[in-house]
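K.L.:
Sharing work.txt below, compact mmCIF, C-alpha atoms:
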# COMPACT_ATOMS: atom_id res chain seq x y z
CA MET A 1 125.45 280.48 136.77
CA THR A 2 125.43 284.04 135.45
CA ALA A 3 128.53 284.70 137.57
CA GLN A 4 130.19 281.79 135.83
CA LEU A 5 129.05 283.20 132.47
CA THR A 6 130.55 286.59 133.32
CA HIS A 7 133.81 284.92 134.32
CA THR A 8 133.92 282.89 131.07
CA TYR A 9 133.05 285.90 128.93
CA LYS A 10 135.62 288.18 130.56
CA ARG A 11 138.34 285.55 130.34
CA TRP A 12 137.82 284.98 126.61
CA SER A 13 137.16 288.59 125.65
CA ARG A 14 140.52 289.52 127.24
CA LEU A 15 142.18 287.14 124.81
CA PHE A 16 140.63 288.84 121.79
CA VAL A 17 143.18 291.67 121.48
CA PRO A 18 146.26 289.39 121.82
CA ALA A 19 144.75 286.98 119.26
CA LEU A 20 144.07 289.90 116.90
CA VAL A 21 147.65 291.19 117.33
CA LEU A 22 148.97 287.69 116.53
CA GLN A 23 146.82 287.67 113.41
CA LEU A 24 148.10 291.12 112.38
CA ILE A 25 151.70 289.91 112.75
CA ALA A 26 150.92 286.89 110.56
CA TRP A 27 149.30 289.22 107.98
CA TRP A 28 152.35 291.49 108.09
CA LEU A 29 154.52 288.47 107.25
CA GLY A 30 152.22 287.68 104.33
CA ILE A 31 152.09 291.20 102.93
CA PHE A 32 155.64 292.50 103.50
CA TRP A 33 158.01 289.66 104.45
CA VAL A 34 157.44 286.81 102.02
CA GLY A 35 158.65 287.15 98.41
CA THR A 36 156.67 287.90 95.26
CA ASP A 37 155.14 285.11 93.15
CA LYS A 38 156.68 284.74 89.70
CA ASP A 39 153.35 284.18 87.92
CA GLN A 40 150.83 286.36 89.78
CA GLY A 41 153.08 289.08 91.15
CA ASP A 42 152.08 290.59 94.49
CA VAL A 43 148.35 290.04 94.23
CA TYR A 44 148.90 286.39 95.25
CA ARG A 45 149.34 287.71 98.84
CA ILE A 46 145.56 287.40 99.19
CA ILE A 47 146.24 283.67 99.65
CA PHE A 48 147.32 284.35 103.26
CA VAL A 49 143.87 285.59 104.15
CA HIS A 50 141.68 283.68 101.67
CA VAL A 51 142.88 280.14 102.45
CA PRO A 52 142.81 280.42 106.31
CA VAL A 53 139.36 282.03 106.13
CA ALA A 54 138.02 279.23 103.89
CA TRP A 55 139.57 276.51 106.08
CA CYS A 56 138.12 278.11 109.21
CA ALA A 57 134.69 278.13 107.54
CA PHE A 58 135.08 274.38 106.85
CA MET A 59 136.32 273.73 110.37
CA TRP A 60 133.47 275.53 112.16
CA ILE A 61 130.76 274.04 109.96
CA ILE A 62 132.13 270.51 110.53
CA LEU A 63 132.39 271.21 114.28
CA ALA A 64 128.79 272.49 114.29
CA ALA A 65 127.65 269.23 112.71
CA GLY A 66 129.76 267.30 115.24
CA PHE A 67 128.07 269.16 118.12
CA ALA A 68 124.67 268.50 116.54
CA VAL A 69 125.30 264.77 116.15
CA PHE A 70 126.68 264.56 119.70
CA GLY A 71 123.58 266.39 120.97
CA PHE A 72 121.28 263.90 119.26
CA VAL A 73 123.25 260.93 120.60
CA LYS A 74 123.65 262.25 124.16
CA LYS A 75 120.27 263.70 125.02
CA LYS A 76 121.53 265.01 128.38
CA SER A 77 123.84 267.50 126.75
CA PHE A 78 121.48 268.41 123.88
CA GLU A 79 121.00 272.03 125.00
CA GLU A 80 124.72 272.56 125.55
CA MET A 81 125.52 271.09 122.15
CA ASP A 82 122.83 273.24 120.51
CA ARG A 83 124.49 276.38 121.90
CA SER A 84 127.87 275.17 120.68
CA ALA A 85 126.49 274.34 117.22
CA HIS A 86 124.74 277.71 117.05
CA ALA A 87 127.95 279.62 117.84
CA ALA A 88 129.96 277.46 115.42
CA ILE A 89 127.45 277.99 112.58
CA ASN A 90 127.60 281.73 113.27
CA LEU A 91 131.32 281.62 112.58
CA GLY A 92 130.82 279.26 109.63
CA THR A 93 128.40 281.74 108.04
CA VAL A 94 130.69 284.76 108.48
CA PHE A 95 133.76 282.89 107.27
CA SER A 96 131.97 281.37 104.24
CA ALA A 97 130.93 284.90 103.26
CA LEU A 98 134.48 286.12 103.77
CA ALA A 99 135.89 283.23 101.71
CA LEU A 100 133.53 284.25 98.88
CA ALA A 101 134.43 287.94 99.24
CA THR A 102 138.22 287.47 99.37
CA GLY A 103 138.04 284.93 96.54
CA SER A 104 136.09 287.41 94.46
CA ILE A 105 138.64 290.16 95.16
CA TRP A 106 141.43 287.77 94.13
CA GLY A 107 139.50 286.57 91.09
CA ARG A 108 139.17 290.04 89.55
CA PRO A 109 142.90 290.65 88.85
CA THR A 110 143.76 287.00 88.10
CA TRP A 111 140.73 285.73 86.17
CA GLY A 112 139.41 289.10 85.01
CA VAL A 113 136.00 288.56 86.63
CA TRP A 114 134.56 289.09 90.10
CA TRP A 115 132.38 285.98 89.86
CA ASP A 116 132.03 282.86 87.75
CA TRP A 117 129.63 279.94 88.10
CA ASP A 118 132.54 277.62 88.66
CA PRO A 119 132.02 274.41 90.75
CA ARG A 120 134.19 275.63 93.67
CA LEU A 121 132.57 279.06 93.82
CA THR A 122 129.03 277.76 93.36
CA SER A 123 129.39 275.02 95.98
CA THR A 124 130.84 277.57 98.45
CA LEU A 125 127.87 279.82 97.77
CA VAL A 126 125.52 276.88 98.47
CA MET A 127 127.39 276.21 101.74
CA PHE A 128 126.96 279.85 102.73
CA LEU A 129 123.25 279.78 101.83
CA VAL A 130 122.68 276.63 103.91
CA CYS A 131 124.30 278.45 106.86
CA CYS A 132 121.96 281.39 106.24
CA ALA A 133 119.03 278.94 106.16
CA TYR A 134 120.06 277.78 109.65
CA HIS A 135 119.67 281.33 110.99
CA VAL A 136 116.41 281.96 109.12
CA LEU A 137 114.94 278.70 110.45
CA ARG A 138 115.95 279.53 114.01
CA SER A 139 114.54 283.06 113.84
CA PHE A 140 111.17 281.91 112.45
CA THR A 141 110.63 278.99 114.84
CA PRO A 142 109.12 280.29 118.08
CA ASP A 143 109.13 277.00 120.01
CA ILE A 144 112.58 276.54 121.54
CA GLN A 145 112.61 272.73 121.29
CA SER A 146 111.64 272.56 117.62
CA ARG A 147 114.04 275.44 116.96
CA ARG A 148 116.83 273.34 118.43
CA ASN A 149 115.85 270.18 116.54
CA SER A 150 115.54 271.85 113.14
CA GLY A 151 118.74 273.86 113.73
CA GLN A 152 120.73 270.72 114.49
CA ILE A 153 119.48 269.02 111.30
CA VAL A 154 120.44 272.02 109.13
CA ALA A 155 123.87 272.14 110.83
CA ILE A 156 124.43 268.52 109.77
CA LEU A 157 123.23 269.34 106.22
CA ALA A 158 125.68 272.26 106.01
CA ALA A 159 128.57 269.92 106.85
CA VAL A 160 127.53 267.47 104.10
CA ASN A 161 128.40 270.23 101.64
CA VAL A 162 131.95 270.74 102.98
CA PRO A 163 133.58 267.73 101.22
CA ILE A 164 131.75 268.73 98.01
CA VAL A 165 133.33 272.20 98.22
CA TYR A 166 136.74 270.80 99.12
CA PHE A 167 136.94 268.18 96.37
CA SER A 168 135.06 270.18 93.72
CA VAL A 169 138.36 271.32 92.12
CA ASN A 170 139.41 267.67 91.67
CA ILE A 171 136.03 266.26 90.61
CA TRP A 172 134.98 268.86 88.03
CA ARG A 173 136.84 271.01 85.53
CA SER A 174 137.29 274.23 87.40
CA LEU A 175 138.55 277.75 86.87
CA HIS A 176 139.74 277.61 90.46
CA GLN A 177 143.24 276.21 90.90
CA PRO A 178 143.61 272.71 92.40
CA GLN A 179 144.97 272.25 95.93
CA THR A 180 148.44 273.81 96.12
CA PHE A 181 149.65 272.64 99.52
CA VAL A 182 147.86 269.38 100.25
CA ARG A 183 148.55 267.44 97.05
CA ARG A 184 151.94 265.88 96.34
CA GLY A 185 154.36 267.94 94.28
CA GLY A 186 152.60 271.21 95.08
CA SER A 187 154.15 274.20 93.34
CA ALA A 188 154.40 276.61 96.30
CA SER A 189 157.77 277.41 97.89
CA SER A 190 158.49 276.51 101.52
CA ASP A 191 158.47 280.11 102.85
CA ILE A 192 155.01 280.66 101.37
CA GLY A 193 153.89 277.41 103.00
CA LEU A 194 155.35 278.48 106.34
CA VAL A 195 153.68 281.92 106.32
CA LEU A 196 150.40 280.33 105.25
CA PHE A 197 150.67 277.87 108.14
CA ALA A 198 151.36 280.74 110.58
CA ASN A 199 148.30 282.57 109.22
CA LEU A 200 146.18 279.45 109.56
CA ILE A 201 147.20 278.94 113.21
CA ALA A 202 146.59 282.63 114.02
CA MET A 203 143.18 282.54 112.34
CA ILE A 204 142.17 279.34 114.19
CA LEU A 205 143.15 280.92 117.53
CA LEU A 206 141.26 284.11 116.72
CA THR A 207 138.14 282.19 115.70
CA LEU A 208 138.39 280.08 118.86
CA VAL A 209 138.25 283.27 120.96
CA LEU A 210 135.33 284.55 118.86
CA TYR A 211 133.56 281.20 119.24
CA LYS A 212 133.84 281.28 123.04
CA MET A 213 132.62 284.89 123.11
CA ARG A 214 129.63 284.09 120.89
CA ARG A 215 128.80 280.92 122.80
CA THR A 216 128.77 282.79 126.12
CA ALA A 217 126.59 285.53 124.59
CA ILE A 218 124.12 282.89 123.31
CA ALA A 219 124.10 281.26 126.75
CA ALA A 220 123.31 284.62 128.37
CA GLN A 221 120.54 285.26 125.84
CA GLU A 222 118.99 281.82 126.42
CA SER A 223 119.30 282.31 130.13
CA LEU A 224 117.21 285.47 129.82
CA GLU A 225 114.62 283.71 127.62
CA ALA A 226 114.36 280.81 130.08
CA ALA A 227 113.93 283.22 133.01
CA ARG A 228 111.17 285.12 131.20
CA GLU A 229 109.33 281.90 130.28
CA GLY A 230 109.52 280.63 133.86
CA ARG A 231 108.08 283.87 135.28
CA MET B 1 129.19 304.88 48.57
CA ARG B 2 128.08 303.67 51.97
CA ARG B 3 130.13 305.01 54.85
CA ARG B 4 131.48 302.46 57.22
CA SER B 5 130.31 302.86 60.74
CA ARG B 6 132.88 303.87 63.29
CA TRP B 7 131.17 301.69 65.84
CA LYS B 8 132.99 298.50 66.61
CA PRO B 9 131.38 295.68 68.52
CA GLN B 10 132.90 295.11 71.93
CA GLU B 11 134.71 291.89 72.43
CA LYS B 12 132.50 289.58 74.41
CA GLY B 13 133.50 287.12 77.08
CA VAL B 14 135.98 287.04 79.91
CA LYS B 15 138.81 289.50 79.76
CA VAL B 16 141.98 287.94 81.12
CA MET B 17 144.29 290.59 82.50
CA ASN B 18 148.05 290.51 82.38
CA THR B 19 149.90 291.13 85.62
CA SER B 20 151.23 294.38 84.10
CA GLU B 21 147.65 295.67 83.75
CA TYR B 22 147.07 295.87 87.47
CA GLY B 23 150.57 297.24 87.99
CA ASN B 24 152.36 297.95 91.22
CA ILE B 25 149.80 300.21 92.86
CA SER B 26 146.58 298.38 92.22
CA TRP B 27 147.77 295.02 93.60
CA PHE B 28 147.94 296.85 96.91
CA PHE B 29 144.32 297.95 96.48
CA TYR B 30 143.16 294.34 95.98
CA VAL B 31 145.25 293.06 98.90
CA ILE B 32 144.09 295.81 101.24
CA ALA B 33 140.47 295.23 100.18
CA ALA B 34 140.76 291.51 100.99
CA TYR B 35 142.57 291.94 104.33
CA GLY B 36 140.47 294.95 105.28
CA SER B 37 137.16 293.18 104.70
CA VAL B 38 138.28 290.25 106.89
CA ALA B 39 139.62 292.54 109.66
CA ALA B 40 136.45 294.67 109.63
CA SER B 41 134.19 291.58 109.76
CA ILE B 42 136.13 290.06 112.66
CA ILE B 43 135.90 293.30 114.66
CA VAL B 44 132.18 293.69 113.90
CA PHE B 45 131.61 290.06 114.94
CA ALA B 46 133.43 290.62 118.25
CA ILE B 47 131.43 293.82 118.90
CA SER B 48 128.15 292.01 118.15
CA CYS B 49 129.10 289.26 120.65
CA ARG B 50 129.80 291.89 123.30
CA ARG B 51 126.53 293.72 122.60
CA GLN B 52 124.48 290.51 122.72
CA TYR B 53 126.10 289.46 125.97
CA CYS B 54 125.81 292.88 127.67
CA LYS B 55 122.18 293.34 126.60
CA ALA B 56 121.20 289.94 128.01
CA GLN B 57 123.05 290.57 131.27
CA GLU B 58 121.52 294.03 131.70
CA ALA B 59 118.01 292.70 131.00
CA LEU B 60 118.55 289.94 133.58
CA LYS B 61 119.57 292.51 136.17
CA GLU B 62 116.82 295.00 135.30
CA GLU B 63 114.09 292.37 135.43
CA GLY B 64 115.39 291.22 138.80
CA PHE B 65 116.07 287.60 138.04
CA SER B 66 118.11 285.74 140.57
CA ALA B 67 121.39 284.36 139.31
CA ASP B 68 120.50 280.88 140.60
CA LYS B 69 117.07 280.75 139.00
CA THR B 70 118.08 281.94 135.57
CA TRP B 71 119.91 278.79 134.51
Output the structure of this file as structure tokens.

P.N.:
Amino acid sequence: MTAQLTHTYKRWSRLFVPALVLQLIAWWLGIFWVGTDKDQGDVYRIIFVHVPVAWCAFMWIILAAGFAVFGFVKKKSFEEMDRSAHAAINLGTVFSALALATGSIWGRPTWGVWWDWDPRLTSTLVMFLVCCAYHVLRSFTPDIQSRRNSGQIVAILAAVNVPIVYFSVNIWRSLHQPQTFVRRGGSASSDIGLVLFANLIAMILLTLVLYKMRRTAIAAQESLEAAREGR
Amino acid sequence: MRRRSRWKPQEKGVKVMNTSEYGNISWFFYVIAAYGSVAASIIVFAISCRRQYCKAQEALKEEGFSADKTW
């Protein structure tokens, strides 16, 4: 099985550089090709990194919960699903943090502050903290079975927060702008939408490669733990 | 006659900046900071995956576990 792991890891890690190059091309389009916004000027270009990063965070957290639920339903594939959920939550944590960081960098020139206790920002912070709780819980639970059970439950809890984050700008009065592209009559021009879509696709592909790399690394790590326990 | 203090209280609250305040150079700073932090995190994440995988594989080899028994 380790040979299969090596094959899987090598195959996916080879795709990392092409996926990164694709992402760099999409970023180049966002920074240099697309026109300037009439209200915000050039600083709006952060949208091409902030929105894909936030959507990827949502995607991987929801997928982690999906893997967790599937693992509970199909007991046979519980271990496999736990590994998948673990790798997905890893990405969800990093991308939630990046959504907060890029949002903060964008907030400074547009709102005048790095941080505000606004519903969207606060709920994203809670989502990030729940993801951190997943890792803390896993690291402090020595028994592998209870580690898996508690991890899966926290993965599901993290996903419960995703719709709260997403709809927070519609539910509460928020400093954060409402959805620009999803709602009808959005104010963004078509070229901005197109470049954003290209960035989203590139970011999803890149995170898919990262997910497979992380999942294989977790599998190798668990393989080692299992071998040591069986000694 | 009492002299008036030169000290003026600072305006409190959120300072909303005009686009002209961050000018043509500093927008680039904000954009590069945002893109740079994401690029750096992605690369660090990929390196950490590689390290975790290689360490586990090396430990498996060093401790002499058979490939069939380890899974």

K.L.:
List as a list in words the protein and nucleic acid residues near region 65-75 of chain A, meaning an atom at most 8 Å away when only C-alpha atoms are counted, but skip any in the same chain fewer than 3 places from it.

P.N.:
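Within the cut-off, the hits are Ile61, Ile62, Phe78, Glu79, Glu80, Met81, Asp82, Ser84, Ala85, Gln152, Ile153, Ala155, Ile156, Leu157, Ala158 and Ala159 of chain A.
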
K.L.:
Specify as a PDB file with C-alpha atoms, keeping the file's coordinate frame all residues of chain A found within 7 Å of chain B, counting only C-alpha atoms.

P.N.:
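Now in part.pdb:
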ATOM      1  CA  MET A   1     125.450 280.480 136.770  1.00  0.00           C
ATOM      2  CA  THR A   2     125.430 284.040 135.450  1.00  0.00           C
ATOM      3  CA  GLN A  40     150.830 286.360  89.780  1.00  0.00           C
ATOM      4  CA  GLY A  41     153.080 289.080  91.150  1.00  0.00           C
ATOM      5  CA  ASP A  42     152.080 290.590  94.490  1.00  0.00           C
ATOM      6  CA  VAL A  43     148.350 290.040  94.230  1.00  0.00           C
ATOM      7  CA  ARG A  45     149.340 287.710  98.840  1.00  0.00           C
ATOM      8  CA  ILE A  46     145.560 287.400  99.190  1.00  0.00           C
ATOM      9  CA  VAL A  49     143.870 285.590 104.150  1.00  0.00           C
ATOM     10  CA  LEU A  98     134.480 286.120 103.770  1.00  0.00           C
ATOM     11  CA  THR A 102     138.220 287.470  99.370  1.00  0.00           C
ATOM     12  CA  ILE A 105     138.640 290.160  95.160  1.00  0.00           C
ATOM     13  CA  PRO A 109     142.900 290.650  88.850  1.00  0.00           C
ATOM     14  CA  THR A 110     143.760 287.000  88.100  1.00  0.00           C
ATOM     15  CA  TRP A 111     140.730 285.730  86.170  1.00  0.00           C
ATOM     16  CA  GLY A 112     139.410 289.100  85.010  1.00  0.00           C
ATOM     17  CA  VAL A 113     136.000 288.560  86.630  1.00  0.00           C
ATOM     18  CA  LEU A 210     135.330 284.550 118.860  1.00  0.00           C
ATOM     19  CA  MET A 213     132.620 284.890 123.110  1.00  0.00           C
ATOM     20  CA  ARG A 214     129.630 284.090 120.890  1.00  0.00           C
ATOM     21  CA  ALA A 217     126.590 285.530 124.590  1.00  0.00           C
ATOM     22  CA  ALA A 220     123.310 284.620 128.370  1.00  0.00           C
ATOM     23  CA  GLN A 221     120.540 285.260 125.840  1.00  0.00           C
ATOM     24  CA  SER A 223     119.300 282.310 130.130  1.00  0.00           C
ATOM     25  CA  LEU A 224     117.210 285.470 129.820  1.00  0.00           C
ATOM     26  CA  ALA A 226     114.360 280.810 130.080  1.00  0.00           C
ATOM     27  CA  ALA A 227     113.930 283.220 133.010  1.00  0.00           C
TER      28      ALA A 227
END

K.L.:
Determine, counting all atoms listed in the file, which protein, DNA and RNA residues have an atom within 9 Å of an atom of Leu175 (chain A); residues of the same chain fewer than 5 positions away are not included. Present the result as a list in words.

P.N.:
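Near neighbours after the sequence-gap exclusion: Trp111, Asp116, Asp118, Pro119, Arg120 and Val169 of chain A.
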
K.L.:
Given the point (135.4, 274.7, 108.4) in the file's coordinates, find the residues that have an atom at most 10 Å from it, counting all atoms listed in the file, and give them as a VMD selection string.

P.N.:
chain A and resid 52 to 64 88 to 89 91 to 93 95 to 96 159 162
